[in-house]
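Chemist: Take a look at this one; I'll ask things after.
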Amino acid sequence: MKRFAELLDRLVLTPSRNGKLKLLTDYFRVVEDPDRGLALAAITGDLSFASVKPAILRALIAERMDQILFGYSYDYVGDLAETVSLVWPQNKAEGSHELTLTETVAMLQRASRSDAPKVLATLLDQADVSSRFAIIKLVTSGLRIGVSARLAKQSLADLGGVDVSEIEEVWHGLTPPYLALFAWLEGRVPRPERVAAALFRPVMLAHPVGDNDLDKLDPADFAAEWKWDGIRVQVVAEGGVQRLYSRTGDDISGAFPDLLEAMNFEGVIDGELLVGNPFGKTGTFSDLQQRLNRKTVSPKMQSQFPVFVRAYDLLQLGSDDLRALTYVERRDVLGGFVTTLDPARFDVSRNVAFDDWNELEALRRMPPHPIIEGIMLKRLDSPYLAGRPKGPWFKWKRDPHTIDAVLMYAQRGHGKRSSYYSDYTFGVWTGAEGAEELVPVGKAYFGFTDEELRQIDKYVRDNTIERFGPVRSVRANRTQGLVLEVAFEGLNRSTRHKSGIAMRFPRISRLRWDKPAGEADRLETLADLLDK
Amino acid sequence: MRPRDLLRPRPEGLYCPPGDFFIDPVRPVERALITHGHSDHARAGHTKVLATQQTLDIMGLRYGEGFARQTQAIGPGETVDVNGVRVSFHNAGHVLGSAQILVEHGGMRIVASGDYKRQPDPTCAPFEVVACDVFITEATFGLPVFRHPPASEEIARLLRSATQFPERAHLVGAYALGKAQRVIKLIREGGYEAPIYLHGALQRLCEYYASQGIDLGDLQPATVENSRKGEFAGAIVIGTPSAFADRWARRFPDPVSAFASGWMRIRQRAKQRGVELPLIISDHSDWDELTATIIETGASEVWVTHGREEALVRWCELNGIAARPLHLVGYEDEGD
Ligand SMILES: [Zn+2]
């Protein structure tokens with residue numbers, strides 16, 4: 001337990017990525033199985049216990065020390081987990097056995113919700129300060145130590161001298177404490193087989209087209225496709241098992257039984273999940289949201305919002321891994337393959353013909369369908385690579401939408417912005433002429449420079465009409481008010497908002513000090529966008 | 001005799017009316033008894049100073065030979081009579097030469113501890129428990145959250161890190177008197193024999209410790225002005241905490257910043273200072289040492305000073321021992 005606790009302590013305070021990688025790699029190299037595998041699971045968030053609420057922690061410490069002394073302590077430290085780890089009475093018998101991480105995890109996993117507090121107290125009694133902190137962090141809040149699962153996987157790749165994509169490749173078939181993984185990385189056994197069928201493959205991602213990027217590229221080397229505004233998915237049917245994954249590898253099969261039924265093939269498709277059907281109407285992202293994040297979906301929901309996949313790429317067909325082939329070769333196989341599938345559930349994302357960038361730019365600005373959010377450019381000779389390699393794929397998004405809105409409320413920010421009003425709620429006009437009023441349509445807290453932040457902050461302070469807690473209501477009427485140009489990616493219908501609209505990724509794109517508040521946009525403008 | 005008739009706080013410092021002397025006064029006085037050489041206890045400019053020889057030496061190094069008109073050395077365990085008051089010095093285990101001062105008069109025994117610790121320290125004599133009626137304790141780390149681990153474990157972490165990151169310099173911040181020498185000595189005891197590099201501000205005190213028989217091994221000046229940057233890769237460099245804030249520290253290769261202090265117990269403190277490797281090593285008592293010492297002295301009354309008085313006063317109250325912050329002694333019960 002001590003070595004794990006020390007690892008956490010050091011990771012929290014080590015700022016550099018390389019430093020963190022080194023700490024992780026060395027830990028995995030030195031620590032034996034199964035402790036290291038459980039540490040890995042703790043860091044990647046793949047361990048679960050009967051969780052312990054802060055109130056239980058307070059109750060445990062209240063039984064053990066004077067509340068006034070605890071009060072002084074908590075006030076000084078500021079963090080409950082850390083305070084408890086420090087003030088917990090030293091109970092460890094001299095020379096008693098120090099529990100390993102494996103033993104600790106086993107005790108916590110065996111504990112039921114009702115006896116979790118007792119088990120926790122026993123563990124804390126036997127630990128030293130650092131270990132107590134690690135245990136409390138494990139059971140209360142997850143670790144949150146500034147190490148992503150991706151970084152942990154990179155450290156494993158460093159340990160074994162392999163590419164991180166190889167780790168991603170086998171990751172989904174493995175479970176803690178990852179004995180086969182470590183054995184492979186140490187060269188003792190061959191790479192683990194993808195034992196479980198229908199595993200996720202790491203996806204290939206594109207870089208945004210930057211300024212002047214296109215000047216250096218030859219249009220003849222690239223194919224173009226529309227970029228559809230659904231969600232990127234990986235459709236895997238293998239060994240009689242069907243799975244639908246998000247692009248981050250989350251299994252979202254449960255919400256789409258209708259699609260799974262149509263996956264009667266052996267292969268892996270990369271595509272866009274959309275609502276509607278390939279011949280008729282394609283639904284909006286907000287329609288798609290009706291189907292997401294659900295454990296089960298009713299038949300009514302399935303018929304009202306049917307889904308289909310617009311295929312971009314083919315990674316595997318039968319037992320053949322196609323990823324090393326070129327884009328042209330893969331698309332060739334894909335075209336033939338999709339014709340064998342249920343046409344109501346699958347079609348192919350067509351290529352967009354163009355001769356030069358200007359022509360493509362014109363097409364991009366006037367897409368043939370409202371559910372298109374831009375263009376994808378893919379090198380004809382590119383293999384399917386894991387991650388976001390620079391060069392083979394680009395995404396060229398439609399310019400974002402903008403509206404002019406009026407600042408209504410401002411709230412204090414967090415962290416180093418806590419002294420500024422940096423979170424803004426803005427609204428647009430609604431109501432009949434002469435009786436207009438502002439209705440809030442969104443909230444944004446970035447997009448401006450530090451200097452602009454200071455200017456807005458001053459404006460907020462000078463024009464406050466009411467305060468409630470950290471929020472100030474700002475003067476905003478037809479003649480007075482600050483107009484913000486807000487950029488956003490799209491709109492969803494929302495029943496939670498008074499306006500009936502929710503913005504996707506709103507941010508402040510410009511401050512319109514010059515614009516009278518009365519000339520800001522009306523709700524109808526947004527409603528039009530929604531209906532398009 | 002009431003305790004406050006023997007010792008009581010005055011603006012200049014802790015004063016003994018029958019003996020007409022001060023203990024660790026902050027302003028120049030006629031007669032000062034000094035517990036140890038840290039600058040918040042040992043000031044220059046007193047007429048007469050009574051202290052251990054090592055404390056006098058250290059004051060001489062810091063303030064120059066003329067720091068007092070007249071000095072008198074007293075050994076640990078020795079007793080002198082000051083205007084009819086019996087005064088004796090006893091090891092405090094804080095830094096080289098540090099002492100507690102026992103003041104006895106009319107059957108009343110009061111110990112002014114100065115700063116003290118109970119953890120073993122290879123660079124100074126260990127703390128001695130002195131039975132007394134009133135114990136004046138410091139409370140620098142007087143909160144239950146402060147629990148110092150064994151210093152040897154902290155040094156082991158430093159040495160592991162130095163092996164783990166051989167391409168980086170390890171910069172260890174440590175106070176110039178006591179902490180720096182203790183850290184160096186512990187590094188040597190940890191089996192590290194390579195040269196240790198010193199910021200210039202530490203040199204004289206390290207030499208003084210060596211002259212007192214405390215072998216600190218091969219110490220080299222950490223002068224970067226003339227050297228190439230890569231030269232300190234893998235080295236351990238000790239500097240005062242303030243040295244790390246200035247340009248001097250930026251010349252080392254991708255340094256791991258370490259800081260040896262009891263404050264490093266709190267993660268947020270380490271984070272705020274940008275410390276990557278906190279070493280929880282303190283020359284003050286932690287909470288457990290403070291409370292154990294209070295009981296061992298058998299004192300029926302405790303005066304608390306230098307730090308977080310309220311928590312220790314609360315603890316005494318819970319344990320049936322009269323206690324108050326030292327600055328309130330003689331004020332709250334005036335007139336009874
Ligand atoms: Zn001191």
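Identifiers for the structure tokens are assigned positionally: chains receive A, B, ... in sequence, residues are indexed from 1 per chain, and ligands are indexed from 1 in the order shown.
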Could I get the residue neighbourhood of ligand 1 at 9 Å, counting only C-alpha atoms and all ligand atoms, as an mmCIF file with C-alpha atoms, in the first residue's frame?

Modeler:
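Saved result, result.cif, follows:
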```cif
data_model
loop_
_atom_site.group_PDB
_atom_site.id
_atom_site.type_symbol
_atom_site.label_atom_id
_atom_site.label_comp_id
_atom_site.auth_asym_id
_atom_site.auth_seq_id
_atom_site.Cartn_x
_atom_site.Cartn_y
_atom_site.Cartn_z
ATOM 1 C CA THR B 35 17.808 29.401 24.053
ATOM 2 C CA HIS B 36 19.286 28.942 20.559
ATOM 3 C CA GLY B 37 20.733 30.666 17.517
ATOM 4 C CA HIS B 38 17.669 31.119 15.263
ATOM 5 C CA SER B 39 17.164 34.771 14.511
ATOM 6 C CA ASP B 40 13.670 35.001 16.026
ATOM 7 C CA HIS B 41 15.201 33.973 19.373
ATOM 8 C CA HIS B 94 16.241 21.532 18.222
ATOM 9 C CA VAL B 95 19.539 22.600 16.595
ATOM 10 C CA SER B 98 19.843 24.640 21.597
ATOM 11 C CA GLY B 114 12.483 27.630 23.335
ATOM 12 C CA ASP B 115 12.024 25.412 20.260
ATOM 13 C CA TYR B 116 12.374 21.657 20.707
ATOM 14 C CA LEU B 177 20.856 26.782 10.697
ATOM 15 C CA GLY B 178 20.161 23.230 11.738
ATOM 16 C CA ASP B 283 13.241 20.603 13.833
ATOM 17 C CA HIS B 284 10.082 21.359 15.801
#
```

Chemist: For Val129 in chain B, list every protein, DNA or RNA residue within 8 Å, evaluated using only C-alpha atoms, and leave out those in the same chain fewer than 6 positions away; present the list as a list in words.

Modeler: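 Near neighbours after the sequence-gap exclusion: Thr293, Glu296 and Thr297 of chain B.
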
Chemist: Could you save those same residues with all heavy atoms as a compact mmCIF listing (two decimals), in the first residue's frame?

Modeler:
```
# COMPACT_ATOMS: atom_id res chain seq x y z
N THR B 293 5.21 15.46 25.51
CA THR B 293 6.18 16.20 26.33
C THR B 293 5.48 16.92 27.48
O THR B 293 5.97 16.94 28.61
CB THR B 293 6.96 17.20 25.45
OG1 THR B 293 7.54 16.48 24.37
CG2 THR B 293 8.03 17.90 26.25
N GLU B 296 4.93 14.44 30.12
CA GLU B 296 6.16 13.97 30.77
C GLU B 296 6.76 15.00 31.73
O GLU B 296 7.38 14.63 32.72
CB GLU B 296 7.20 13.60 29.70
CG GLU B 296 6.89 12.27 29.01
CD GLU B 296 7.88 12.00 27.88
OE1 GLU B 296 9.09 12.18 28.08
OE2 GLU B 296 7.41 11.62 26.78
N THR B 297 6.59 16.27 31.45
CA THR B 297 7.18 17.28 32.35
C THR B 297 6.45 17.31 33.69
O THR B 297 6.96 17.86 34.65
CB THR B 297 7.11 18.70 31.76
OG1 THR B 297 5.73 19.03 31.57
CG2 THR B 297 7.85 18.81 30.45
```

Chemist: Give the residues of chain B that lie within 10 Å of chain A; count only C-alpha atoms, and format the answer as an MDAnalysis selection string.

Modeler: chainID B and resid 142:149 157 161 164:165 256:257 265:271 274:278 287:288 308 310:312 314:315 318

Chemist: What is the distance between CA of Thr25 in chain A and CA of Thr44 in chain A, in Å to one decimal?

Modeler: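 Answer for the CA of Thr25 in chain A to CA of Thr44 in chain A separation: 14.5 Å.
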
Chemist: For a test of reading the model, state the distance in Å between CA of Glu30 in chain B and CA of Val130 in chain B, rounded to one decimal.

Modeler: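 Interatomic distance here is 27.4 Å.
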
Chemist: I want to know what sits within 9 Å of Gln119 in chain B, based on only C-alpha atoms, with residues of the same chain fewer than 2 positions away left out; could you give that as a list in words?

Modeler: Gly93, Lys117, Asp121, Pro126, Phe127, His148, Pro150, Ala151, Ser282, Asp283, His284, Ser285 and Glu289 of chain B

Chemist: May I have the residues from that selection written out with C-alpha atoms, as a PDB file, in the first residue's frame?

Modeler:
```pdb
ATOM      1  CA  GLY B  93      17.167  18.710  20.621  1.00  0.00           C
ATOM      2  CA  LYS B 117      11.829  18.295  19.086  1.00  0.00           C
ATOM      3  CA  ASP B 121      18.821  14.194  15.243  1.00  0.00           C
ATOM      4  CA  PRO B 126      18.702  14.916  22.379  1.00  0.00           C
ATOM      5  CA  PHE B 127      15.914  16.667  24.302  1.00  0.00           C
ATOM      6  CA  HIS B 148       6.162  14.225  11.169  1.00  0.00           C
ATOM      7  CA  PRO B 150      10.691   9.563  10.628  1.00  0.00           C
ATOM      8  CA  ALA B 151      13.150  11.861   8.849  1.00  0.00           C
ATOM      9  CA  SER B 282      11.093  19.402  10.956  1.00  0.00           C
ATOM     10  CA  ASP B 283      13.241  20.603  13.833  1.00  0.00           C
ATOM     11  CA  HIS B 284      10.082  21.359  15.801  1.00  0.00           C
ATOM     12  CA  SER B 285       7.878  18.941  17.683  1.00  0.00           C
ATOM     13  CA  GLU B 289       5.576  15.085  20.534  1.00  0.00           C
TER      14      GLU B 289
END
```

Chemist: Which polymer residues have any atom within 10 Å of an atom of His46 in chain B, counting only C-alpha atoms, with same-chain residues fewer than 6 positions away left out, as a list of chain:residue names?

Modeler: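 So, after excluding close chain neighbours, the residues are B:Pro25, B:Val26, B:Arg27, B:Pro28, B:Val29, B:Glu30, B:Arg31, B:Ala32, B:Leu33, B:Phe67, B:Ala68, B:Arg69, B:Gln70, B:Thr71.
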
Chemist: Output as a VMD selection string all residues of range 118-206 of chain B that backbone DSSP marks as strand (DSSP E).

Modeler: chain B and resid 134 to 139 170 to 173 196 to 198

Chemist: What's the 7 Å shell around Thr326 in chain A, counting only C-alpha atoms, without same-chain residues fewer than 6 positions away, as a PyMOL selection string?

Modeler: chain A and resi 380-383

Chemist: Show me, as a list in words, the residues that have an atom within 12 Å of range 188-191 of chain B when counting only C-alpha atoms, minus same-chain residues fewer than 3 positions from it.

Modeler: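 Everything that qualifies: Asp121, Pro122, Thr123, Ala151, Ser152, Glu153, Glu154, Ile155, Ala156, Arg157, Leu158, Leu159, Arg160, Gln181, Arg182, Val183, Ile184, Lys185, Ala194, Pro195, Ile196, Ile214, Asp215, Leu216, Gly217, Asp218, Leu219 and Ile236 of chain B.
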
Chemist: Generate the output file for the selected residues, N, CA, C and O atoms, as a short mmCIF file (atom, residue, chain, number, x, y, z; two decimals), in the first residue's frame.

Modeler:
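As written to disk, selection-v4.cif reads:
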```cif
data_model
loop_
_atom_site.label_atom_id
_atom_site.label_comp_id
_atom_site.auth_asym_id
_atom_site.auth_seq_id
_atom_site.Cartn_x
_atom_site.Cartn_y
_atom_site.Cartn_z
N ASP B 121 18.14 13.29 16.16
CA ASP B 121 18.82 14.19 15.24
C ASP B 121 20.32 14.00 15.42
O ASP B 121 20.86 14.28 16.49
N PRO B 122 21.00 13.50 14.39
CA PRO B 122 22.44 13.21 14.54
C PRO B 122 23.30 14.47 14.64
O PRO B 122 24.51 14.35 14.84
N THR B 123 22.71 15.66 14.52
CA THR B 123 23.53 16.87 14.57
C THR B 123 23.36 17.65 15.87
O THR B 123 23.93 18.74 16.00
N ALA B 151 12.41 11.10 9.87
CA ALA B 151 13.15 11.86 8.85
C ALA B 151 13.92 10.93 7.92
O ALA B 151 14.09 11.23 6.73
N SER B 152 14.37 9.79 8.43
CA SER B 152 15.14 8.87 7.58
C SER B 152 14.29 8.37 6.41
O SER B 152 14.79 8.16 5.31
N GLU B 153 12.98 8.21 6.64
CA GLU B 153 12.10 7.76 5.54
C GLU B 153 12.00 8.84 4.47
O GLU B 153 11.94 8.54 3.28
N GLU B 154 11.96 10.09 4.90
CA GLU B 154 11.86 11.19 3.94
C GLU B 154 13.12 11.28 3.09
O GLU B 154 13.06 11.49 1.89
N ILE B 155 14.27 11.11 3.76
CA ILE B 155 15.53 11.15 3.02
C ILE B 155 15.62 9.97 2.06
O ILE B 155 16.13 10.10 0.94
N ALA B 156 15.09 8.82 2.47
CA ALA B 156 15.10 7.66 1.57
C ALA B 156 14.31 7.97 0.30
O ALA B 156 14.70 7.58 -0.80
N ARG B 157 13.22 8.73 0.44
CA ARG B 157 12.46 9.12 -0.75
C ARG B 157 13.27 10.03 -1.66
O ARG B 157 13.24 9.92 -2.88
N LEU B 158 14.00 10.95 -1.04
CA LEU B 158 14.84 11.85 -1.82
C LEU B 158 15.88 11.04 -2.60
O LEU B 158 16.10 11.27 -3.79
N LEU B 159 16.52 10.09 -1.92
CA LEU B 159 17.56 9.32 -2.59
C LEU B 159 16.98 8.43 -3.69
O LEU B 159 17.59 8.26 -4.74
N ARG B 160 15.77 7.90 -3.46
CA ARG B 160 15.13 7.12 -4.52
C ARG B 160 14.85 7.99 -5.73
O ARG B 160 15.08 7.58 -6.87
N GLN B 181 22.09 21.22 7.84
CA GLN B 181 23.11 20.29 8.30
C GLN B 181 22.50 18.93 8.64
O GLN B 181 23.08 17.89 8.38
N ARG B 182 21.30 18.96 9.21
CA ARG B 182 20.66 17.69 9.54
C ARG B 182 20.33 16.91 8.27
O ARG B 182 20.54 15.70 8.19
N VAL B 183 19.81 17.63 7.25
CA VAL B 183 19.49 16.97 5.98
C VAL B 183 20.74 16.35 5.37
O VAL B 183 20.75 15.21 4.93
N ILE B 184 21.84 17.11 5.38
CA ILE B 184 23.08 16.59 4.80
C ILE B 184 23.54 15.34 5.57
O ILE B 184 23.88 14.31 4.99
N LYS B 185 23.50 15.44 6.90
CA LYS B 185 23.94 14.31 7.71
C LYS B 185 23.07 13.08 7.46
O LYS B 185 23.57 11.95 7.35
N ALA B 194 28.50 10.80 -2.69
CA ALA B 194 28.95 11.77 -3.70
C ALA B 194 28.97 13.17 -3.09
O ALA B 194 28.36 13.42 -2.04
N PRO B 195 29.67 14.11 -3.73
CA PRO B 195 29.66 15.48 -3.21
C PRO B 195 28.22 16.03 -3.15
O PRO B 195 27.40 15.69 -4.00
N ILE B 196 27.97 16.84 -2.13
CA ILE B 196 26.69 17.55 -2.04
C ILE B 196 27.02 19.02 -2.26
O ILE B 196 28.00 19.53 -1.73
N ILE B 214 30.81 17.22 13.62
CA ILE B 214 29.72 16.62 12.87
C ILE B 214 30.15 16.52 11.41
O ILE B 214 30.19 17.50 10.68
N ASP B 215 30.52 15.30 11.02
CA ASP B 215 31.10 15.07 9.70
C ASP B 215 30.02 15.11 8.63
O ASP B 215 29.11 14.28 8.64
N LEU B 216 30.09 16.07 7.73
CA LEU B 216 29.06 16.21 6.69
C LEU B 216 29.54 15.71 5.33
O LEU B 216 28.85 15.87 4.33
N GLY B 217 30.75 15.11 5.28
CA GLY B 217 31.25 14.56 4.01
C GLY B 217 31.71 15.65 3.06
O GLY B 217 31.97 16.79 3.46
N ASP B 218 31.78 15.28 1.77
CA ASP B 218 32.33 16.18 0.75
C ASP B 218 31.30 17.22 0.34
O ASP B 218 30.29 16.89 -0.28
N LEU B 219 31.55 18.49 0.71
CA LEU B 219 30.63 19.58 0.35
C LEU B 219 31.32 20.49 -0.65
O LEU B 219 32.45 20.89 -0.46
N ILE B 236 22.71 16.46 -5.88
CA ILE B 236 21.86 16.99 -4.81
C ILE B 236 22.43 18.34 -4.41
O ILE B 236 23.62 18.46 -4.10
#
```

Chemist: Among range 232-275 of chain A, which ones does DSSP place in helix (DSSP H, G or I), written as a PyMOL selection string?

Modeler: chain A and resi 253-255+257-261
